[in-house]
Amino acid sequence: QVQLVESGGGVVQPGGSLRLSCVASGNIPTFYALGWYRRGQGKEYEYVASMSHDGRATYADSVKGRFTISRDYAKNTVYLQMNSLKPEDTDVYYCNLPAPGPDYWGQGTQVTVSS
């Protein structure tokens, strides 16, 4: 089993910044990607960003140029730096570790962008 624990959500004004963190623990694969999704109430999961085991980052078009994903391999941690936040970025953000079977997910952290 793998456990993912997110932190760093909160309330911020439009144009503000937040940094999310996700720590992976447990039976972690040798090579693994880590990523972020978000989901609002009653909506589907929306892909945000991910980083492969060798450091390649990909982003959803909606966050390119505003969000930056990074990893600390020694700490099994992935970060999501979110700048120039917009009200439409308001959602619960989930950490994701793809797996051959069901993916692993964190419990989510709420991000609210509001004036």
# chains A, B, ... in the order shown; residues from 1 in each chain; ligands from 1
$ select_by_dssp --residues "chain A" --states "helix (DSSP H, G or I)" --output "list in words"
Tyr73, Ala74, Lys75, Pro87, Glu88 and Asp89 of chain A
$ write_last_selection --atoms "N, CA and C atoms" --output "mmCIF file, in the first residue's frame"
data_model
loop_
_atom_site.group_PDB
_atom_site.id
_atom_site.type_symbol
_atom_site.label_atom_id
_atom_site.label_comp_id
_atom_site.auth_asym_id
_atom_site.auth_seq_id
_atom_site.Cartn_x
_atom_site.Cartn_y
_atom_site.Cartn_z
ATOM 1 N N TYR A 73 13.061 14.016 -4.531
ATOM 2 C CA TYR A 73 13.095 12.555 -4.572
ATOM 3 C C TYR A 73 13.539 11.973 -3.231
ATOM 4 N N ALA A 74 14.407 12.652 -2.545
ATOM 5 C CA ALA A 74 14.888 12.154 -1.259
ATOM 6 C C ALA A 74 13.760 12.118 -0.229
ATOM 7 N N LYS A 75 12.794 13.024 -0.364
ATOM 8 C CA LYS A 75 11.695 13.116 0.591
ATOM 9 C C LYS A 75 10.412 12.482 0.065
ATOM 10 N N PRO A 87 -10.377 32.564 -9.671
ATOM 11 C CA PRO A 87 -11.523 31.931 -8.987
ATOM 12 C C PRO A 87 -11.856 30.552 -9.554
ATOM 13 N N GLU A 88 -11.650 30.368 -10.843
ATOM 14 C CA GLU A 88 -11.959 29.058 -11.446
ATOM 15 C C GLU A 88 -10.968 27.966 -11.045
ATOM 16 N N ASP A 89 -9.908 28.321 -10.346
ATOM 17 C CA ASP A 89 -8.990 27.318 -9.801
ATOM 18 C C ASP A 89 -9.500 26.729 -8.483
#
$ residues_around --residues "Glu6 in chain A" --least-positions-apart "6" --cutoff "12 Å" --atoms "only C-alpha atoms" --output "number ranges by chain"
A: 19-25, 35-37, 77-80, 92-96, 105-111
$ atom_distance --atom1 "CA of Val11 in chain A" --atom2 "CA of Phe67 in chain A"
16.6 Å
$ atom_distance --atom1 "CA of Val12 in chain A" --atom2 "CA of Leu85 in chain A"
8.0 Å
$ closest_residue --among "A:Met51, A:Thr112, A:Ala99, A:Gly65" --to "Gln1 in chain A" --atoms "only C-alpha atoms"
A:Ala99
$ residues_around --residues "Asp91 in chain A" --least-positions-apart "3" --cutoff "6 Å" --atoms "only C-alpha atoms" --output "PyMOL selection string"
chain A and resi 38-40+111
$ write_last_selection --atoms "N, CA, C and O atoms" --output "compact mmCIF listing (two decimals), in the first residue's frame"
# COMPACT_ATOMS: atom_id res chain seq x y z
N ARG A 38 -7.66 17.83 -9.80
CA ARG A 38 -8.58 18.61 -8.98
C ARG A 38 -10.01 18.21 -9.35
O ARG A 38 -10.28 17.73 -10.44
N ARG A 39 -10.89 18.43 -8.39
CA ARG A 39 -12.28 18.06 -8.61
C ARG A 39 -13.17 18.94 -7.77
O ARG A 39 -12.97 19.06 -6.55
N GLY A 40 -14.15 19.55 -8.42
CA GLY A 40 -15.14 20.32 -7.70
C GLY A 40 -16.33 19.43 -7.39
O GLY A 40 -16.47 18.33 -7.93
N VAL A 111 -8.58 24.23 -2.11
CA VAL A 111 -8.04 25.52 -2.55
C VAL A 111 -9.22 26.40 -2.92
O VAL A 111 -10.05 26.02 -3.75
$ residues_around --residues "Gly26 in chain A" --least-positions-apart "4" --cutoff "12 Å" --atoms "only C-alpha atoms" --output "VMD selection string"
chain A and resid 1 to 5 30 76 104
$ write_last_selection --atoms "N, CA and C atoms" --output "PDB file, in the first residue's frame"
ATOM      1  N   GLN A   1       0.829  -1.188   0.000  1.00  0.00           N
ATOM      2  CA  GLN A   1       0.000   0.000   0.000  1.00  0.00           C
ATOM      3  C   GLN A   1       0.870   1.248   0.000  1.00  0.00           C
ATOM      4  N   VAL A   2       0.344   2.262  -0.648  1.00  0.00           N
ATOM      5  CA  VAL A   2       1.009   3.562  -0.683  1.00  0.00           C
ATOM      6  C   VAL A   2       0.067   4.587  -0.067  1.00  0.00           C
ATOM      7  N   GLN A   3       0.613   5.451   0.760  1.00  0.00           N
ATOM      8  CA  GLN A   3      -0.170   6.529   1.341  1.00  0.00           C
ATOM      9  C   GLN A   3       0.324   7.857   0.769  1.00  0.00           C
ATOM     10  N   LEU A   4      -0.640   8.710   0.445  1.00  0.00           N
ATOM     11  CA  LEU A   4      -0.346  10.047  -0.069  1.00  0.00           C
ATOM     12  C   LEU A   4      -1.034  11.066   0.837  1.00  0.00           C
ATOM     13  N   VAL A   5      -0.279  12.027   1.318  1.00  0.00           N
ATOM     14  CA  VAL A   5      -0.831  13.033   2.224  1.00  0.00           C
ATOM     15  C   VAL A   5      -0.530  14.413   1.672  1.00  0.00           C
ATOM     16  N   THR A  30       9.791   1.581  -7.209  1.00  0.00           N
ATOM     17  CA  THR A  30      11.128   2.114  -7.452  1.00  0.00           C
ATOM     18  C   THR A  30      11.079   3.331  -8.380  1.00  0.00           C
ATOM     19  N   ASN A  76      10.466  11.878  -1.124  1.00  0.00           N
ATOM     20  CA  ASN A  76       9.266  11.287  -1.738  1.00  0.00           C
ATOM     21  C   ASN A  76       8.115  12.292  -1.749  1.00  0.00           C
ATOM     22  N   TYR A 104      -3.231   5.323  -6.749  1.00  0.00           N
ATOM     23  CA  TYR A 104      -3.292   5.777  -5.368  1.00  0.00           C
ATOM     24  C   TYR A 104      -3.657   7.263  -5.360  1.00  0.00           C
TER      25      TYR A 104
END
$ select_by_dssp --residues "chain A" --states "strand (DSSP E or B)" --output "ChimeraX atom specification"
/A:2-7,10-12,18-26,34-39,46-51,57-59,67-72,77-82,91-97,104-105,109-113
$ decode --residues "range 11-53 of chain A" --atoms "N, CA and C atoms" --output "compact mmCIF listing (two decimals), in the first residue's frame"
# COMPACT_ATOMS: atom_id res chain seq x y z
N VAL A 11 -7.27 29.57 1.55
CA VAL A 11 -8.05 30.62 0.88
C VAL A 11 -7.09 31.72 0.46
N VAL A 12 -7.21 32.15 -0.78
CA VAL A 12 -6.32 33.17 -1.31
C VAL A 12 -7.12 34.07 -2.25
N GLN A 13 -6.70 35.31 -2.36
CA GLN A 13 -7.36 36.24 -3.27
C GLN A 13 -6.91 35.99 -4.71
N PRO A 14 -7.74 36.37 -5.68
CA PRO A 14 -7.33 36.26 -7.08
C PRO A 14 -5.99 36.95 -7.31
N GLY A 15 -5.12 36.28 -8.07
CA GLY A 15 -3.78 36.78 -8.31
C GLY A 15 -2.77 36.30 -7.30
N GLY A 16 -3.24 35.66 -6.25
CA GLY A 16 -2.35 35.18 -5.20
C GLY A 16 -1.70 33.85 -5.53
N SER A 17 -0.95 33.32 -4.56
CA SER A 17 -0.18 32.09 -4.76
C SER A 17 -0.39 31.14 -3.59
N LEU A 18 -0.25 29.87 -3.88
CA LEU A 18 -0.23 28.82 -2.87
C LEU A 18 0.73 27.75 -3.34
N ARG A 19 1.30 27.01 -2.38
CA ARG A 19 2.12 25.86 -2.72
C ARG A 19 1.56 24.63 -2.01
N LEU A 20 1.21 23.64 -2.81
CA LEU A 20 0.73 22.37 -2.28
C LEU A 20 1.89 21.38 -2.19
N SER A 21 1.79 20.51 -1.19
CA SER A 21 2.78 19.45 -1.01
C SER A 21 2.06 18.12 -0.89
N CYS A 22 2.73 17.08 -1.33
CA CYS A 22 2.20 15.72 -1.20
C CYS A 22 3.37 14.80 -0.87
N VAL A 23 3.25 14.12 0.27
CA VAL A 23 4.28 13.18 0.70
C VAL A 23 3.78 11.76 0.48
N ALA A 24 4.59 10.96 -0.19
CA ALA A 24 4.28 9.56 -0.43
C ALA A 24 5.03 8.69 0.58
N SER A 25 4.35 7.67 1.10
CA SER A 25 4.98 6.75 2.04
C SER A 25 4.41 5.35 1.83
N GLY A 26 5.03 4.38 2.47
CA GLY A 26 4.56 3.01 2.36
C GLY A 26 5.36 2.23 1.32
N ASN A 27 4.71 1.34 0.63
CA ASN A 27 5.35 0.46 -0.34
C ASN A 27 5.47 1.18 -1.68
N ILE A 28 6.38 2.16 -1.74
CA ILE A 28 6.51 3.00 -2.91
C ILE A 28 7.28 2.26 -4.01
N PRO A 29 6.81 2.30 -5.26
CA PRO A 29 7.54 1.66 -6.36
C PRO A 29 8.91 2.31 -6.54
N THR A 30 9.79 1.58 -7.21
CA THR A 30 11.13 2.11 -7.45
C THR A 30 11.08 3.33 -8.38
N PHE A 31 10.32 3.21 -9.45
CA PHE A 31 10.17 4.32 -10.40
C PHE A 31 8.69 4.66 -10.47
N TYR A 32 8.38 5.91 -10.22
CA TYR A 32 6.97 6.27 -10.20
C TYR A 32 6.78 7.72 -10.55
N ALA A 33 5.66 7.98 -11.15
CA ALA A 33 5.25 9.35 -11.42
C ALA A 33 4.37 9.83 -10.27
N LEU A 34 4.31 11.14 -10.12
CA LEU A 34 3.42 11.76 -9.16
C LEU A 34 2.73 12.93 -9.84
N GLY A 35 1.49 13.13 -9.51
CA GLY A 35 0.78 14.20 -10.17
C GLY A 35 -0.32 14.79 -9.32
N TRP A 36 -0.98 15.78 -9.90
CA TRP A 36 -2.08 16.48 -9.24
C TRP A 36 -3.30 16.50 -10.14
N TYR A 37 -4.44 16.27 -9.51
CA TYR A 37 -5.73 16.43 -10.15
C TYR A 37 -6.56 17.35 -9.25
N ARG A 38 -7.66 17.83 -9.80
CA ARG A 38 -8.58 18.61 -8.98
C ARG A 38 -10.01 18.21 -9.35
N ARG A 39 -10.89 18.43 -8.39
CA ARG A 39 -12.28 18.06 -8.61
C ARG A 39 -13.17 18.94 -7.77
N GLY A 40 -14.15 19.55 -8.42
CA GLY A 40 -15.14 20.32 -7.70
C GLY A 40 -16.33 19.43 -7.39
N GLN A 41 -17.19 19.92 -6.55
CA GLN A 41 -18.35 19.14 -6.13
C GLN A 41 -19.20 18.78 -7.34
N GLY A 42 -19.48 17.49 -7.49
CA GLY A 42 -20.33 17.03 -8.58
C GLY A 42 -19.64 16.98 -9.94
N LYS A 43 -18.32 17.17 -9.94
CA LYS A 43 -17.61 17.18 -11.22
C LYS A 43 -16.65 16.02 -11.30
N GLU A 44 -16.12 15.78 -12.51
CA GLU A 44 -15.13 14.74 -12.71
C GLU A 44 -13.75 15.23 -12.26
N TYR A 45 -12.85 14.29 -12.04
CA TYR A 45 -11.45 14.66 -11.79
C TYR A 45 -10.90 15.36 -13.04
N GLU A 46 -10.17 16.44 -12.82
CA GLU A 46 -9.53 17.17 -13.90
C GLU A 46 -8.01 17.11 -13.71
N TYR A 47 -7.32 16.67 -14.72
CA TYR A 47 -5.86 16.61 -14.67
C TYR A 47 -5.27 18.01 -14.55
N VAL A 48 -4.28 18.17 -13.69
CA VAL A 48 -3.62 19.46 -13.50
C VAL A 48 -2.17 19.41 -13.98
N ALA A 49 -1.38 18.51 -13.42
CA ALA A 49 0.04 18.43 -13.75
C ALA A 49 0.59 17.11 -13.23
N SER A 50 1.70 16.67 -13.81
CA SER A 50 2.38 15.49 -13.30
C SER A 50 3.86 15.55 -13.65
N MET A 51 4.62 14.75 -12.94
CA MET A 51 6.05 14.66 -13.20
C MET A 51 6.46 13.19 -13.18
N SER A 52 7.14 12.76 -14.23
CA SER A 52 7.57 11.37 -14.34
C SER A 52 8.72 11.09 -13.37
N HIS A 53 9.11 9.82 -13.29
CA HIS A 53 10.19 9.45 -12.37
C HIS A 53 11.51 10.09 -12.78
